[in-house]
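data_12.txt (compact mmCIF, C-alpha atoms) appears below.
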# COMPACT_ATOMS: atom_id res chain seq x y z
CA MET T 111 57.79 -102.92 233.38
CA ALA T 112 61.09 -104.63 234.20
CA ALA T 113 60.08 -104.99 237.86
CA ALA T 114 56.75 -106.55 236.89
CA VAL T 115 58.42 -109.09 234.62
CA HIS T 116 60.87 -109.94 237.39
CA ARG T 117 58.00 -110.58 239.89
CA LEU T 118 56.20 -112.81 237.38
CA LEU T 119 59.36 -114.81 236.81
CA VAL T 120 59.90 -115.33 240.52
CA ARG T 121 56.26 -116.44 241.11
CA ALA T 122 56.08 -118.73 238.08
CA LEU T 123 59.43 -120.45 238.62
CA PRO T 124 60.00 -121.62 242.19
CA MET T 125 63.72 -122.23 241.99
CA SER T 126 66.97 -121.58 243.78
CA ARG T 127 68.39 -118.12 244.28
CA SER T 128 71.17 -118.90 241.78
CA GLY T 129 68.63 -119.89 239.15
CA ILE T 130 66.69 -116.64 239.58
CA THR T 131 69.96 -114.68 239.33
CA ALA T 132 70.89 -116.44 236.09
CA ILE T 133 67.48 -115.73 234.47
CA ALA T 134 67.43 -112.12 235.61
CA THR T 135 70.90 -111.61 234.21
CA SER T 136 69.95 -113.08 230.84
CA VAL T 137 66.71 -111.03 230.62
CA PHE T 138 68.02 -107.63 231.63
CA HIS T 139 71.66 -107.57 230.56
CA GLY T 140 71.41 -108.50 226.91
CA PRO T 141 74.40 -110.44 225.50
CA PRO T 142 75.29 -113.65 227.36
CA GLN T 143 78.11 -113.39 229.86
CA CYS T 144 79.65 -115.74 232.41
CA GLN T 145 76.90 -116.63 234.90
CA LEU T 146 78.17 -116.13 238.46
CA HIS T 147 76.82 -118.10 241.39
CA HIS T 148 75.09 -115.98 244.06
CA ALA T 149 77.81 -117.04 246.50
CA VAL T 150 80.35 -114.83 244.73
CA MET T 151 78.22 -111.68 244.74
CA PRO T 152 80.21 -108.98 246.59
CA HIS T 153 79.58 -108.91 250.34
CA GLY T 154 81.53 -108.46 253.55
CA LYS T 155 83.70 -105.70 254.92
CA GLY T 156 86.56 -106.34 252.54
CA GLY T 157 89.56 -108.54 253.15
CA ARG T 158 90.52 -112.17 252.97
CA SER T 159 87.25 -113.62 254.35
CA SER T 160 84.98 -111.31 252.37
CA VAL T 161 83.77 -111.86 248.82
CA SER T 162 84.97 -109.29 246.29
CA GLY T 163 82.82 -110.55 243.43
CA VAL T 164 85.95 -111.22 241.35
CA VAL T 165 86.45 -114.73 240.01
CA ALA T 166 89.82 -114.56 238.27
CA THR T 167 91.63 -117.10 236.15
CA VAL T 168 95.36 -116.30 236.30
CA PHE T 169 97.39 -117.96 233.56
CA GLY T 170 101.08 -117.97 234.47
CA ALA T 171 100.36 -117.63 238.20
CA THR T 172 103.30 -119.86 239.06
CA GLY T 173 105.81 -117.31 237.79
CA PHE T 174 107.56 -114.35 239.41
CA LEU T 175 104.77 -111.77 238.98
CA GLY T 176 101.94 -114.30 239.29
CA ARG T 177 102.45 -115.09 242.97
CA TYR T 178 102.09 -111.40 243.87
CA ILE T 179 98.89 -111.00 241.87
CA VAL T 180 97.36 -114.14 243.40
CA ASN T 181 98.29 -112.80 246.83
CA HIS T 182 96.61 -109.44 246.22
CA LEU T 183 93.50 -111.05 244.76
CA GLY T 184 93.27 -113.50 247.66
CA ARG T 185 93.66 -110.75 250.26
CA MET T 186 90.67 -108.86 248.85
CA GLY T 187 88.42 -111.94 248.96
CA SER T 188 88.57 -113.08 245.33
CA GLN T 189 88.26 -116.60 244.05
CA VAL T 190 91.34 -117.43 241.98
CA ILE T 191 91.59 -120.24 239.43
CA ILE T 192 95.20 -121.21 238.72
CA PRO T 193 95.83 -123.28 235.59
CA TYR T 194 99.10 -125.18 235.88
CA ARG T 195 101.37 -127.56 233.94
CA CYS T 196 103.88 -128.57 236.62
CA ASP T 197 103.52 -130.98 239.52
CA ALA T 198 100.69 -129.93 241.83
CA TYR T 199 102.96 -130.08 244.89
CA GLU T 200 105.06 -127.27 243.42
CA LEU T 201 102.05 -124.93 243.76
CA MET T 202 101.26 -125.45 247.43
CA TYR T 203 102.84 -122.13 248.42
CA LEU T 204 99.96 -120.42 246.56
CA ARG T 205 97.17 -122.16 248.49
CA PRO T 206 97.42 -120.10 251.74
CA MET T 207 97.15 -116.85 249.76
CA GLY T 208 93.34 -117.02 249.80
CA ASP T 209 90.61 -118.11 252.16
CA LEU T 210 89.59 -121.76 252.44
CA GLY T 211 88.47 -123.04 249.02
CA GLN T 212 89.16 -119.77 247.23
CA ILE T 213 92.36 -120.87 245.46
CA ILE T 214 91.54 -123.52 242.87
CA PHE T 215 94.13 -125.43 240.83
CA LEU T 216 93.31 -126.73 237.37
CA GLU T 217 95.62 -128.61 235.01
CA TRP T 218 95.67 -127.16 231.50
CA ASN T 219 97.29 -127.34 228.09
CA GLY T 220 98.01 -124.07 226.31
CA ARG T 221 97.56 -125.70 222.88
CA ASP T 222 94.11 -127.11 223.72
CA LYS T 223 91.24 -124.60 223.51
CA ASP T 224 88.90 -126.92 225.40
CA SER T 225 91.39 -126.93 228.25
CA ILE T 226 91.49 -123.10 228.20
CA ARG T 227 87.68 -122.98 228.07
CA ARG T 228 87.39 -125.08 231.23
CA ALA T 229 89.71 -122.67 232.99
CA VAL T 230 87.79 -119.48 232.07
CA GLU T 231 84.14 -120.53 231.75
CA HIS T 232 83.23 -119.59 235.35
CA SER T 233 85.40 -116.45 235.60
CA ASN T 234 84.59 -112.80 235.06
CA VAL T 235 88.28 -111.79 234.95
CA VAL T 236 91.13 -113.46 233.05
CA ILE T 237 94.76 -112.41 233.52
CA ASN T 238 97.43 -113.64 231.10
CA LEU T 239 100.94 -113.69 232.56
CA VAL T 240 102.27 -116.56 230.45
CA GLY T 241 105.91 -115.95 229.64
CA ARG T 242 109.30 -117.54 229.21
CA GLU T 243 112.83 -116.12 229.49
CA TRP T 244 114.26 -118.57 226.95
CA GLU T 245 112.97 -120.82 224.18
CA THR T 246 112.75 -124.60 224.44
CA ARG T 247 112.14 -127.40 221.95
CA ASN T 248 108.50 -127.59 223.06
CA PHE T 249 107.67 -123.89 223.33
CA ASP T 250 109.33 -121.10 221.36
CA TYR T 251 108.58 -117.38 221.73
CA ASP T 252 105.90 -117.53 219.03
CA ASP T 253 104.00 -120.17 221.02
CA VAL T 254 104.38 -118.42 224.37
CA PHE T 255 103.79 -114.79 223.36
CA VAL T 256 101.53 -115.06 220.30
CA LYS T 257 99.63 -118.31 219.87
CA ILE T 258 98.74 -119.06 223.50
CA PRO T 259 97.68 -115.45 224.35
CA GLN T 260 95.64 -115.34 221.14
CA ALA T 261 93.88 -118.59 222.08
CA ILE T 262 93.19 -117.29 225.62
CA ALA T 263 91.72 -114.06 224.21
CA GLN T 264 89.53 -115.87 221.68
CA VAL T 265 88.17 -118.37 224.20
CA SER T 266 87.62 -115.66 226.81
CA LYS T 267 85.60 -113.64 224.31
CA GLU T 268 83.50 -116.67 223.37
CA ALA T 269 82.91 -117.51 227.05
CA GLY T 270 81.63 -114.01 227.83
CA VAL T 271 84.48 -113.01 230.16
CA GLU T 272 84.04 -109.38 231.25
CA ARG T 273 87.67 -108.34 231.75
CA LEU T 274 90.89 -109.56 230.14
CA ILE T 275 94.29 -108.31 231.36
CA HIS T 276 97.26 -109.07 229.12
CA VAL T 277 100.80 -108.40 230.37
CA SER T 278 103.33 -107.49 227.68
CA HIS T 279 106.59 -105.50 227.95
CA LEU T 280 107.48 -101.81 227.79
CA ASN T 281 109.98 -102.40 224.97
CA ALA T 282 107.75 -104.64 222.86
CA ASP T 283 108.39 -103.55 219.29
CA ILE T 284 108.08 -105.33 215.95
CA LYS T 285 111.44 -103.80 214.92
CA SER T 286 113.32 -104.79 218.08
CA PRO T 287 116.62 -106.72 217.75
CA SER T 288 115.21 -109.10 220.38
CA ARG T 289 112.99 -111.93 219.15
CA TYR T 290 111.39 -111.99 222.60
CA LEU T 291 110.24 -108.37 222.25
CA ARG T 292 109.19 -108.76 218.60
CA ASN T 293 106.87 -111.61 219.54
CA LYS T 294 105.56 -109.62 222.51
CA ALA T 295 104.53 -106.88 220.06
CA VAL T 296 102.82 -109.36 217.72
CA GLY T 297 101.04 -110.92 220.71
CA GLU T 298 99.64 -107.53 221.75
CA LYS T 299 98.11 -107.04 218.31
CA GLU T 300 96.62 -110.54 218.13
CA VAL T 301 95.09 -110.24 221.59
CA ARG T 302 93.64 -106.82 220.80
CA ASP T 303 92.09 -108.16 217.59
CA ALA T 304 90.52 -111.12 219.39
CA PHE T 305 89.36 -109.18 222.47
CA PRO T 306 89.08 -105.43 221.68
CA GLU T 307 88.24 -104.48 225.30
CA VAL T 308 91.47 -106.04 226.63
CA THR T 309 93.59 -104.03 229.08
CA ILE T 310 97.27 -104.32 228.09
CA ILE T 311 99.95 -103.76 230.72
CA LYS T 312 103.47 -102.86 229.50
CA PRO T 313 105.88 -102.99 232.47
CA SER T 314 109.57 -102.21 232.20
CA ASP T 315 112.08 -104.66 233.74
CA ILE T 316 110.57 -105.81 237.04
CA PHE T 317 112.65 -106.14 240.20
CA GLY T 318 111.76 -108.05 243.36
CA ARG T 319 113.02 -110.87 245.56
CA GLU T 320 112.70 -113.61 242.94
CA ASP T 321 113.58 -111.46 239.92
CA ARG T 322 115.89 -112.12 236.98
CA PHE T 323 116.99 -108.49 236.85
CA LEU T 324 118.92 -107.36 239.94
CA ASN T 325 119.77 -110.97 240.81
CA TYR T 326 121.08 -111.41 237.25
CA PHE T 327 123.49 -108.50 237.60
CA ALA T 328 124.62 -109.64 241.05
CA GLY T 329 125.41 -113.06 239.60
CA ILE T 330 127.74 -111.61 236.94
CA ARG T 331 130.50 -111.41 239.57
CA TRP T 332 131.37 -115.06 238.95
CA PHE T 333 132.94 -113.96 235.65
CA GLY T 334 135.76 -112.31 237.58
CA GLY T 335 134.39 -108.90 236.64
CA VAL T 336 131.37 -107.30 235.05
CA PRO T 337 131.24 -107.62 231.24
CA LEU T 338 129.06 -104.94 229.63
CA VAL T 339 128.69 -103.89 226.00
CA VAL T 340 130.20 -100.37 225.75
CA LEU T 341 130.34 -100.52 229.58
CA GLY T 342 126.58 -99.94 229.64
CA LEU T 343 127.08 -96.21 229.07
CA LYS T 344 124.61 -96.09 226.15
CA THR T 345 121.79 -97.99 227.84
CA GLU T 346 119.14 -96.47 230.11
CA LYS T 347 116.88 -98.51 232.39
CA GLN T 348 113.76 -97.56 234.37
CA PRO T 349 112.91 -100.68 236.45
CA VAL T 350 109.61 -101.04 238.31
CA TYR T 351 108.87 -102.80 241.61
CA VAL T 352 106.91 -106.06 241.37
CA VAL T 353 104.44 -105.11 244.12
CA ASP T 354 103.58 -101.89 242.28
CA VAL T 355 102.91 -103.85 239.07
CA SER T 356 100.71 -106.30 240.97
CA LYS T 357 98.71 -103.55 242.67
CA GLY T 358 98.36 -101.73 239.35
CA ILE T 359 96.89 -104.82 237.68
CA VAL T 360 94.41 -105.36 240.53
CA ASN T 361 93.39 -101.69 240.41
CA ALA T 362 92.93 -101.97 236.63
CA ILE T 363 90.47 -104.81 237.28
CA LYS T 364 88.47 -102.57 239.62
CA ASP T 365 88.53 -99.55 237.27
CA PRO T 366 85.84 -99.75 234.55
CA ASP T 367 87.59 -96.95 232.64
CA ALA T 368 90.62 -99.19 232.12
CA ARG T 369 88.79 -101.30 229.52
CA GLY T 370 90.47 -101.20 226.14
CA LYS T 371 93.43 -99.13 227.39
CA THR T 372 97.16 -99.79 227.33
CA PHE T 373 99.20 -98.88 230.43
CA ALA T 374 102.96 -98.36 230.71
CA PHE T 375 104.30 -99.29 234.16
CA THR T 376 107.72 -97.84 234.99
CA GLY T 377 109.66 -96.92 238.10
CA PRO T 378 110.14 -93.31 239.26
CA ASN T 379 113.86 -93.16 238.38
CA ARG T 380 115.88 -93.78 235.23
CA TYR T 381 119.49 -95.00 235.34
CA LEU T 382 122.44 -95.62 233.06
CA LEU T 383 123.08 -99.36 233.03
CA PHE T 384 126.66 -98.75 234.21
CA ASP T 385 125.47 -96.77 237.26
CA LEU T 386 122.73 -99.28 238.03
CA VAL T 387 125.11 -102.28 238.05
CA GLN T 388 127.64 -100.29 240.07
CA TYR T 389 124.92 -99.61 242.68
CA VAL T 390 124.01 -103.33 242.79
CA PHE T 391 127.62 -104.21 243.61
CA ALA T 392 127.77 -101.46 246.24
CA VAL T 393 124.69 -102.92 247.97
CA ILE T 394 126.15 -106.44 248.08
CA HIS T 395 129.62 -105.15 249.10
CA ARG T 396 131.40 -106.88 246.23
CA PRO T 397 134.21 -105.36 244.11
CA PHE T 398 132.88 -103.73 240.95
CA LEU T 399 135.29 -104.50 238.09
CA PRO T 400 133.59 -103.55 234.82
CA TYR T 401 135.18 -104.22 231.46
CA PRO T 402 133.88 -103.63 227.93
CA LEU T 403 132.96 -106.73 225.97
CA PRO T 404 132.28 -106.56 222.22
CA HIS T 405 128.76 -107.36 221.13
CA PHE T 406 129.80 -110.43 219.09
CA ALA T 407 131.87 -111.83 221.98
CA TYR T 408 128.98 -111.45 224.41
CA LYS T 409 126.68 -113.30 221.98
CA LEU T 410 129.23 -116.08 221.60
CA ILE T 411 129.43 -116.57 225.36
CA ALA T 412 125.63 -116.51 225.59
CA ARG T 413 125.44 -119.17 222.89
CA LEU T 414 127.58 -121.46 225.05
CA PHE T 415 125.12 -121.05 227.93
CA GLU T 416 122.23 -121.90 225.60
CA ILE T 417 123.79 -125.31 224.89
CA SER T 418 123.39 -126.25 228.56
CA PRO T 419 120.56 -128.77 229.21
CA PHE T 420 119.69 -126.82 232.38
CA GLU T 421 118.25 -123.33 232.83
CA PRO T 422 120.67 -121.00 230.98
CA TRP T 423 122.17 -118.17 233.00
CA THR T 424 121.89 -115.95 229.94
CA THR T 425 120.99 -116.23 226.25
CA ARG T 426 121.74 -114.21 223.13
CA ASP T 427 118.25 -112.75 223.26
CA LYS T 428 118.53 -111.78 226.93
CA MET T 429 121.84 -110.09 226.17
CA GLU T 430 120.04 -107.93 223.58
CA ARG T 431 117.27 -107.05 226.06
CA VAL T 432 119.67 -106.18 228.87
CA HIS T 433 121.51 -103.66 226.67
CA LEU T 434 118.36 -102.14 225.17
CA THR T 435 117.32 -98.68 226.39
CA ASP T 436 113.82 -98.56 227.90
CA MET T 437 111.25 -96.73 225.77
CA LYS T 438 109.61 -93.50 226.91
CA LEU T 439 105.83 -93.66 226.35
CA PRO T 440 104.43 -90.46 227.91
CA HIS T 441 101.21 -90.75 225.87
CA LEU T 442 100.19 -93.90 227.75
CA PRO T 443 98.66 -93.88 231.25
CA GLY T 444 100.79 -95.34 234.02
CA LEU T 445 100.77 -96.42 237.65
CA GLU T 446 99.77 -92.96 238.86
CA ASP T 447 96.57 -93.13 236.81
CA LEU T 448 95.62 -96.25 238.78
CA GLY T 449 96.37 -94.66 242.15
CA ILE T 450 99.80 -96.28 242.67
CA GLN T 451 102.89 -94.33 243.70
CA ALA T 452 105.93 -96.01 242.14
CA THR T 453 108.55 -97.32 244.60
CA PRO T 454 112.18 -96.30 243.94
CA LEU T 455 114.67 -99.12 243.44
CA GLU T 456 116.87 -97.81 246.27
CA ALA T 457 114.09 -98.47 248.81
CA LYS T 458 113.84 -102.19 248.02
CA ALA T 459 117.26 -103.16 246.65
CA ILE T 460 118.47 -104.54 250.00
CA GLU T 461 115.49 -106.94 250.21
CA VAL T 462 116.42 -108.39 246.83
CA LEU T 463 120.20 -108.43 247.14
CA ARG T 464 121.04 -109.14 250.79
CA HIS T 465 121.58 -112.87 250.15
CA HIS T 466 124.37 -112.01 247.68
CA ARG T 467 126.45 -110.44 250.46
CA ALA T 468 129.38 -112.11 252.14
CA TYR T 469 128.76 -113.13 255.76
CA ARG T 470 130.68 -110.21 257.30
CA TRP T 471 128.46 -107.68 255.48
CA LEU T 472 125.15 -109.52 255.97
CA SER T 473 123.67 -107.07 258.47
CA SER T 474 125.42 -103.94 257.19
CA GLU T 475 123.19 -100.86 257.04
CA MET T 476 122.16 -99.24 253.75
CA GLU T 477 123.45 -95.88 254.99
CA ASP T 478 126.91 -97.10 253.98
CA VAL T 479 125.85 -97.31 250.32
CA LYS T 480 126.05 -94.24 248.13
CA LEU T 481 122.87 -93.58 246.13
CA THR T 482 123.17 -94.20 242.42
CA LYS T 483 123.00 -91.46 239.79
CA THR T 484 119.76 -90.99 237.88
CA VAL T 485 119.01 -89.81 234.35
CA ASN T 486 116.44 -87.14 233.56
CA ILE T 487 113.17 -88.68 232.40

Now that the file is in, can you turn its structure into structure tokens?
Amino acid sequence: MAAAVHRLLVRALPMSRSGITAIATSVFHGPPQCQLHHAVMPHGKGGRSSVSGVVATVFGATGFLGRYIVNHLGRMGSQVIIPYRCDAYELMYLRPMGDLGQIIFLEWNGRDKDSIRRAVEHSNVVINLVGREWETRNFDYDDVFVKIPQAIAQVSKEAGVERLIHVSHLNADIKSPSRYLRNKAVGEKEVRDAFPEVTIIKPSDIFGREDRFLNYFAGIRWFGGVPLVVLGLKTEKQPVYVVDVSKGIVNAIKDPDARGKTFAFTGPNRYLLFDLVQYVFAVIHRPFLPYPLPHFAYKLIARLFEISPFEPWTTRDKMERVHLTDMKLPHLPGLEDLGIQATPLEAKAIEVLRHHRAYRWLSSEMEDVKLTKTVNI
């Protein structure tokens, strides 16, 4: 019966291939969804010049994690729409990540739903990576982690988007001492309410070349030592490699069983903060001079950095996050469930930290560095 109806439609309506595809989709697939042009139907052998069938809008693509996700999507032949707020020339490094015409830039306003709708109306996948390390007068944590993600989820649902990926944080908790993490937890709930089939990704602290994790600890040396609350002996960290997170997100897009699930992305090893920072200083061949700093004193120093009109090196909220032990969430699926083997920090630390070395140690081999101690997971 369905085949007969399809033949009648084709005979009665001499139209383009895209028009036939749109009608067939509306007749046989029930609820309206984003109508894809026939040119993005999957074909080719796979790779940059193929067509994966994925049309993805990546909010927050200009950030640390975003560039890796755009790169992976572009390499598999996806069309990527990148909403942006900065100057367009600051995004040009993203253009070569996809084939000709496959990376599309679109100016947007996170407070304008019509602007969000224009960004998602032709996509079948939406990825929300919007984030901010510190608050500003224009955007506080509630705006960045709750209101904007909620608006993206609502508009995506209305537009018929098939897949929504929302990136949160492993330690997101409504009872956290960090306002950043409290708002992350609220944002998860609001997004889930607006788009029940959303896939939520909860990575631990992410390390990579452009990170604010290992590079942050390496930069502490300018204090004449390494100030840590209780010397970092009561804090455990389980950082994850940025490429693994990116691959996990792309694999979640491909996996239909990932709909509606929450994933916890962590690295293979867990460390005491003291041992982790000591290892960072061993890699960069700098003297490691730790000293305990009271919690209130650390917050006072962080407050002074917040007064700066430029990007603050640290904030009171970041200080709380740095000294917070990573949660263990064994009940949630992880990277392994998406076919990704987590990369140990020791294998990639030199790529991240080499530029912190003095000239005489620039080409020193990693064999000279003693491996850091790990904590049982």

Would you pick out the contacts of Ala459 in chain T at 8 Å or less, using all atoms listed in the file, so that residues sharing its chain but fewer than 4 positions from it are not included, and give the list as a PyMOL selection string? chain T and resi 390+393+455+463

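Minimum distance to Gln189 in chain T across T:Gly342, T:Gly335, T:Gly270, T:Gly208 (counting only C-alpha atoms) occurs at T:Gly208.
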
As JSON, what would the box around range 213-223 of chain T look like: edges along x, y and z, 4 Å added on every side, centre and edge lengths in Å to one decimal?
{"center_x": 94.6, "center_y": -124.7, "center_z": 234.2, "size_x": 14.8, "size_y": 15.7, "size_z": 30.6}

note - CA of Ser159 in chain T and CA of Met186 in chain T are separated by 8.0 Å

Exercise for the section: With a distance cut-off of 10 Å and all atoms listed in the file, select the neighbouring residues of range 358-371 of chain T, excluding the residue or stretch itself and same-chain residues fewer than 5 positions from it, and output the selection as an NGL selection string. Expected result: :T and (164 or 166 or 179-180 or 182-183 or 186 or 235-237 or 272-277 or 302 or 305-311 or 352-353 or 442-452)

- Query: Hey, can you pull every residue with an atom no more than 12 Å from (111.8, -111.3, 221.3), using all atoms listed in the file, and send it as a count of residues only?
  - Reply: 39

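Distance annotation: of T:Leu403, T:Lys357, T:Leu481, T:Phe420, the residue with the minimal separation from Leu386 in chain T is T:Leu481; atom set is only C-alpha atoms.
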
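Each of T:Pro349, T:Gly173, T:Gly184, T:Pro440 was checked against Cys196 in chain T using only C-alpha atoms; the smallest atom-to-atom distance is that of T:Gly173.
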
- request: In the coordinates of the file, take the point (113.3, -95.2, 237.6) and a cut-off of 6 Å; then, counting all atoms listed in the file, name each qualifying protein, DNA or RNA residue as a ChimeraX atom specification.
  value: /T:348-349,377-380

As a check of understanding: the span from CA of Phe174 in chain T to CA of Ile192 in chain T is 14.2 Å

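Distances from T:Val485, T:Arg396, T:Thr167, T:Asp436 to Arg470 in chain T were compared using only C-alpha atoms, and the smallest one belongs to T:Arg396.
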
Skip Tyr203 in chain T itself and residues of its chain fewer than 3 positions away, then list as number ranges by chain all residues within 10 Å of it, counting all atoms listed in the file. T: 172, 177, 199-200, 206-207

Pairwise distance, CA of Leu175 in chain T with CA of Val240 in chain T, equals 10.1 Å

From the list T:Leu410, T:Ile258, T:Val479, T:Leu383, the nearest residue to Leu239 in chain T using only C-alpha atoms is T:Ile258

Pull N, CA, C and O atoms for range 330-341 of chain T from the block and write them as a compact mmCIF listing (two decimals), in the first residue's frame.
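Now in decode-v5.txt:
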# COMPACT_ATOMS: atom_id res chain seq x y z
N ILE T 330 51.07 28.33 37.85
CA ILE T 330 51.13 28.70 39.28
C ILE T 330 52.56 29.05 39.70
O ILE T 330 52.77 29.75 40.69
N ARG T 331 53.55 28.59 38.93
CA ARG T 331 54.96 28.80 39.34
C ARG T 331 55.31 30.27 39.51
O ARG T 331 56.28 30.60 40.20
N TRP T 332 54.55 31.16 38.88
CA TRP T 332 54.86 32.59 38.99
C TRP T 332 54.57 33.14 40.39
O TRP T 332 54.92 34.27 40.70
N PHE T 333 53.95 32.32 41.25
CA PHE T 333 53.72 32.74 42.63
C PHE T 333 54.94 32.50 43.51
O PHE T 333 54.90 32.75 44.71
N GLY T 334 56.01 31.96 42.93
CA GLY T 334 57.19 31.67 43.73
C GLY T 334 57.04 30.36 44.47
O GLY T 334 57.81 30.05 45.38
N GLY T 335 56.08 29.56 44.11
CA GLY T 335 55.80 28.27 44.73
C GLY T 335 54.44 27.80 44.25
O GLY T 335 53.86 28.37 43.33
N VAL T 336 53.94 26.76 44.87
CA VAL T 336 52.66 26.20 44.44
C VAL T 336 51.70 26.21 45.63
O VAL T 336 51.74 25.31 46.48
N PRO T 337 50.83 27.22 45.71
CA PRO T 337 49.86 27.26 46.82
C PRO T 337 48.72 26.27 46.59
O PRO T 337 48.08 26.28 45.55
N LEU T 338 48.48 25.40 47.56
CA LEU T 338 47.38 24.43 47.48
C LEU T 338 46.69 24.36 48.84
O LEU T 338 47.36 24.40 49.88
N VAL T 339 45.38 24.27 48.83
CA VAL T 339 44.64 24.11 50.08
C VAL T 339 44.91 22.71 50.63
O VAL T 339 44.73 21.70 49.92
N VAL T 340 45.38 22.63 51.85
CA VAL T 340 45.77 21.36 52.50
C VAL T 340 46.74 20.59 51.61
O VAL T 340 46.73 19.35 51.58
N LEU T 341 47.56 21.31 50.86
CA LEU T 341 48.56 20.73 49.95
C LEU T 341 47.94 19.81 48.88
O LEU T 341 48.66 19.04 48.23
